[in-house]
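What follows is a set of notes on a single structure, which appears directly below.
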Amino acid sequence: MRKAAASISPAPARPERSPRPIPLVLDLDGTVVRGNLLVETALAFLKAHPLKAFMLLLWLLRGRAVLKQNLAALAEVDVDALPLNHELIAYAAEQAGKGRQVFIATAADRAIAAKVARRIPFVSGVIASDGRTNLKGQAKARALSERFPDGFDYAGDARADLSVWKLAHAAVVVEAAPAVVASARRSVDVAHVFPRKSVLRVAARSLRPHQWAKNALVFVPMVLSGKLGDHAALAATLAAFMAMNLVASATYLVNDLVDLADDRRHWSKRERPLASGRLPLLAGLAMVPVGLLAGLGLAALAGVGTLAAVCLYIAGTLAYSLGLKRLPVLDAFALAGLFTLRLGVGIVACGAPPSPWLLVFSMFLFASLSFAKRHTEVAGVLQRGGSEVRGRGYKTVDLPLILAVGVATGMCAVLIMVLYIIDDAFRQSFYGNVAWLWGFPSILFLFVCRIWLMCQRGEMDSDPVAFAVRDRPSLMLGAGLTVCFLAAWMGAAA
């Protein structure tokens, strides 16, 4: 019997495995992080060790990699509060969801880069400077070519990244200058571009021009001394006003740089240009000397005395930013002193005789407004479950004391106004009918009560002065003060 031949069917063809997607590599400075980690660590080191600034130069002489390694080891940077580019991270997360590995490659030191990478769960690894090699430009391009011989896509933001893009399969350009975007398109296929927002607009916002209204105090001595018709006094006061605007904006930048870590943990201040990373730290640092020098130049045009007064204001502001603002109660009087210094600048600029009444009244009124500012900050922390205000000396248990002292200083300002009218105003030939000045104490009382009523209701902005210039009842009270003053000056019948 013939045995049937076995039937052997051919094995099914094995499907070809699709090639693994090439990895996506992300730069860190200016790309994943809105900022520069070298500048961040240098500022943190200088803030903690100002007398060791010379060490930066010694480390730099040994190479940028050594400088970065030492700063990463010694500077305390709040990595968890560093502003990230969430648009880019969302894009990278989408790519990771498609099976791509995502790496970080940065010129920052490995120690701090690894801490940042831990905030992004889908990052597969970190390639960074190691104390010997500064992984930037050509060095980064070589390292990535060796690590990923089958190719990689690279996301960067700066001209130094062009060397990497030339070796990459595709480029992701993140908020780069138009010239960098154009160069990248000539060098490599550009897969995606994250557009850059106007730096000039952000820089202008960092100067806080809305705060310049406070500097209008320099005109008060000229008005009260009857020098409005003196063209020389008016020109000098205008120069002093512009000088104060410039130096105040410069010192606001210093304050923001000093408070960088604290502002990033604050519910509203974290949106400030420097804290949010929208304005590069180097740009903010460069704007400080420009503003100070321009302001001092204008102050010099108003006279040597005005220049000296503006220098005193700068010194007071820096002392506040660097230390006084962390001392409870004293910080509010320091702010009141800065407001009063604005009056002093105006007195010197226009040559008006100094009025002790005006200066003491200013100290108590603006002390009350400063305590209102602190009350708002402390109440905000309390509402969010905190126990103390970062970067300040206050705790939430201090709220009743702040309220008491703030209302008391406001009432002291009202009392000083009453004493001025009784003791001194009737002796002034400037007023045609002093009786109209009796409207001032009542209106000031209502204004102080309005400010503290809003504080207690939680409806106050962080800055009472900014609140007052937008609040309709406060503006109406201000109009009432103006009417009373003009009627007293022109001698209207009461």
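Residues in the structure tokens are named by chain (A, B, ... in the order shown) and by number from 1 within that chain; ligands are numbered from 1 in the order shown.
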
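Those residues that approach Leu246 (chain A) to within 7 Å, counting only C-alpha atoms, are Met242, Ala243, Met244, Ala248, Ser249, Ala250, Gly291, Leu292, Ala294 and Gly295 of chain A; same-chain residues fewer than 2 positions away are not listed.
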
Output for the residues just chosen: all heavy atoms as a CSV table (one decimal), in the first residue's frame:
```
chain,number,residue,atom,x,y,z
A,242,MET,N,10.3,112.5,35.4
A,242,MET,CA,10.7,111.5,34.5
A,242,MET,C,11.9,110.7,35.0
A,242,MET,O,12.0,109.5,34.8
A,242,MET,CB,11.1,112.1,33.1
A,242,MET,CG,10.0,112.8,32.4
A,242,MET,SD,8.6,111.5,32.1
A,242,MET,CE,9.5,110.3,31.1
A,243,ALA,N,12.8,111.3,35.8
A,243,ALA,CA,13.9,110.6,36.4
A,243,ALA,C,13.4,109.6,37.4
A,243,ALA,O,13.9,108.4,37.4
A,243,ALA,CB,14.8,111.6,37.1
A,244,MET,N,12.4,110.0,38.2
A,244,MET,CA,11.9,109.0,39.1
A,244,MET,C,11.2,107.8,38.4
A,244,MET,O,11.3,106.7,38.9
A,244,MET,CB,10.9,109.7,40.0
A,244,MET,CG,11.5,110.7,41.1
A,244,MET,SD,12.5,109.8,42.3
A,244,MET,CE,11.3,108.8,43.1
A,248,ALA,N,12.7,104.3,39.2
A,248,ALA,CA,11.7,103.4,39.9
A,248,ALA,C,11.5,102.1,39.1
A,248,ALA,O,11.5,101.0,39.7
A,248,ALA,CB,10.4,104.1,40.1
A,249,SER,N,11.4,102.2,37.8
A,249,SER,CA,11.3,101.0,37.0
A,249,SER,C,12.5,100.1,37.1
A,249,SER,O,12.4,98.9,37.2
A,249,SER,CB,11.1,101.4,35.5
A,249,SER,OG,9.8,101.9,35.3
A,250,ALA,N,13.7,100.7,37.1
A,250,ALA,CA,14.9,99.9,37.3
A,250,ALA,C,15.0,99.2,38.6
A,250,ALA,O,15.4,98.0,38.7
A,250,ALA,CB,16.2,100.8,37.1
A,291,GLY,N,18.3,101.9,32.9
A,291,GLY,CA,17.3,102.7,33.6
A,291,GLY,C,17.8,103.6,34.6
A,291,GLY,O,17.5,104.8,34.7
A,292,LEU,N,18.8,103.1,35.4
A,292,LEU,CA,19.4,103.9,36.5
A,292,LEU,C,20.2,105.1,35.9
A,292,LEU,O,20.1,106.2,36.3
A,292,LEU,CB,20.3,103.0,37.3
A,292,LEU,CG,19.6,102.0,38.2
A,292,LEU,CD1,20.6,101.2,39.0
A,292,LEU,CD2,18.7,102.7,39.2
A,294,ALA,N,20.0,106.5,32.9
A,294,ALA,CA,19.1,107.5,32.2
A,294,ALA,C,18.4,108.3,33.2
A,294,ALA,O,18.3,109.5,33.1
A,294,ALA,CB,18.1,106.7,31.3
A,295,GLY,N,17.9,107.7,34.3
A,295,GLY,CA,17.2,108.5,35.3
A,295,GLY,C,18.1,109.4,36.1
A,295,GLY,O,17.7,110.6,36.3
```

Spatial neighbours of Ala487 (chain A), 12 Å, only C-alpha atoms, chain gap at least 4 places, as a list in words: Phe430, Tyr431, Gly432, Asn433, Val434, Ala435, Trp436, Leu437, Trp438, Gly439, Phe440, Gly480, Leu481, Thr482, Val483, Gly491, Ala492, Ala493 and Ala494 of chain A

Filtered DSSP result for region 137-244 of chain A, state helix (DSSP H, G or I), as an NGL selection string: :A and (138-147 or 159-167 or 178-187 or 199-206 or 209-224 or 231-244)

Residue contacts of Trp267 (chain A) (12 Å, only C-alpha atoms) excluding same-chain residues fewer than 3 positions away, as a ChimeraX atom specification: /A:81,262-264,270-272,275-276,377,380-381,383-384,386,389-390,462

Spatial neighbours of Thr251 (chain A), max dist 8 Å, only C-alpha atoms, sep filter under 6 positions, as a count of residues only: 4

Residue neighbourhood region 31-41 of chain A, 9 Å, only C-alpha atoms, exclusion window fewer than 3 positions, as number ranges by chain: A: 26-28, 44-46, 67-68, 71-72, 74-77, 82-86, 88-89, 104, 108-109, 112-113, 116, 155-157, 173-175, 274, 276-282

Keeping only C-alpha atoms, write those residues as a compact mmCIF listing (two decimals), in the first residue's frame.
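Result file follows (part19.txt):
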```
# COMPACT_ATOMS: atom_id res chain seq x y z
CA LEU A 26 14.76 68.65 23.76
CA ASP A 27 17.06 71.48 24.71
CA LEU A 28 16.55 72.82 28.24
CA ALA A 44 20.88 82.25 43.50
CA PHE A 45 24.55 81.89 44.47
CA LEU A 46 25.10 85.66 44.60
CA LEU A 67 31.50 77.05 36.50
CA LYS A 68 28.18 75.31 35.86
CA LEU A 71 27.01 76.57 40.75
CA ALA A 72 24.73 73.55 40.42
CA LEU A 74 26.31 75.24 45.70
CA ALA A 75 23.34 77.34 44.55
CA GLU A 76 19.90 76.57 45.94
CA VAL A 77 17.47 76.86 43.04
CA LEU A 82 11.06 77.02 37.43
CA PRO A 83 8.69 78.15 34.66
CA LEU A 84 8.28 75.48 31.98
CA ASN A 85 7.16 75.84 28.37
CA HIS A 86 3.93 73.90 28.68
CA LEU A 88 6.37 72.42 24.06
CA ILE A 89 5.90 69.83 26.80
CA ILE A 104 16.82 66.18 27.19
CA ALA A 108 23.36 72.97 31.80
CA ASP A 109 25.09 70.81 34.38
CA ILE A 112 20.37 70.41 37.85
CA ALA A 113 19.21 69.09 34.46
CA VAL A 116 14.27 69.44 35.98
CA ALA A 155 14.01 71.05 19.65
CA GLY A 156 15.96 74.22 20.38
CA ASP A 157 15.69 77.98 20.44
CA VAL A 173 12.12 75.62 16.68
CA VAL A 174 10.90 77.02 19.99
CA GLU A 175 10.21 80.75 20.35
CA LEU A 274 10.77 87.73 34.95
CA SER A 276 7.18 83.65 34.36
CA GLY A 277 10.25 83.48 32.12
CA ARG A 278 8.59 85.61 29.42
CA LEU A 279 11.39 88.15 29.85
CA PRO A 280 14.89 86.61 29.81
CA LEU A 281 16.85 87.22 33.00
CA LEU A 282 19.79 88.63 31.04
```

Nearest candidate to Tyr420 (chain A) (options A:Thr376, A:Thr306, A:Ser442, A:Ser355; using only C-alpha atoms):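 Checking each candidate against Tyr420 (chain A), we get A:Ser355 as the closest.
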
For CA of Pro23 (chain A) and CA of Asp153 (chain A), the interatomic separation in Å (one decimal):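 Result for CA of Pro23 (chain A) versus CA of Asp153 (chain A): 6.4 Å, one decimal.
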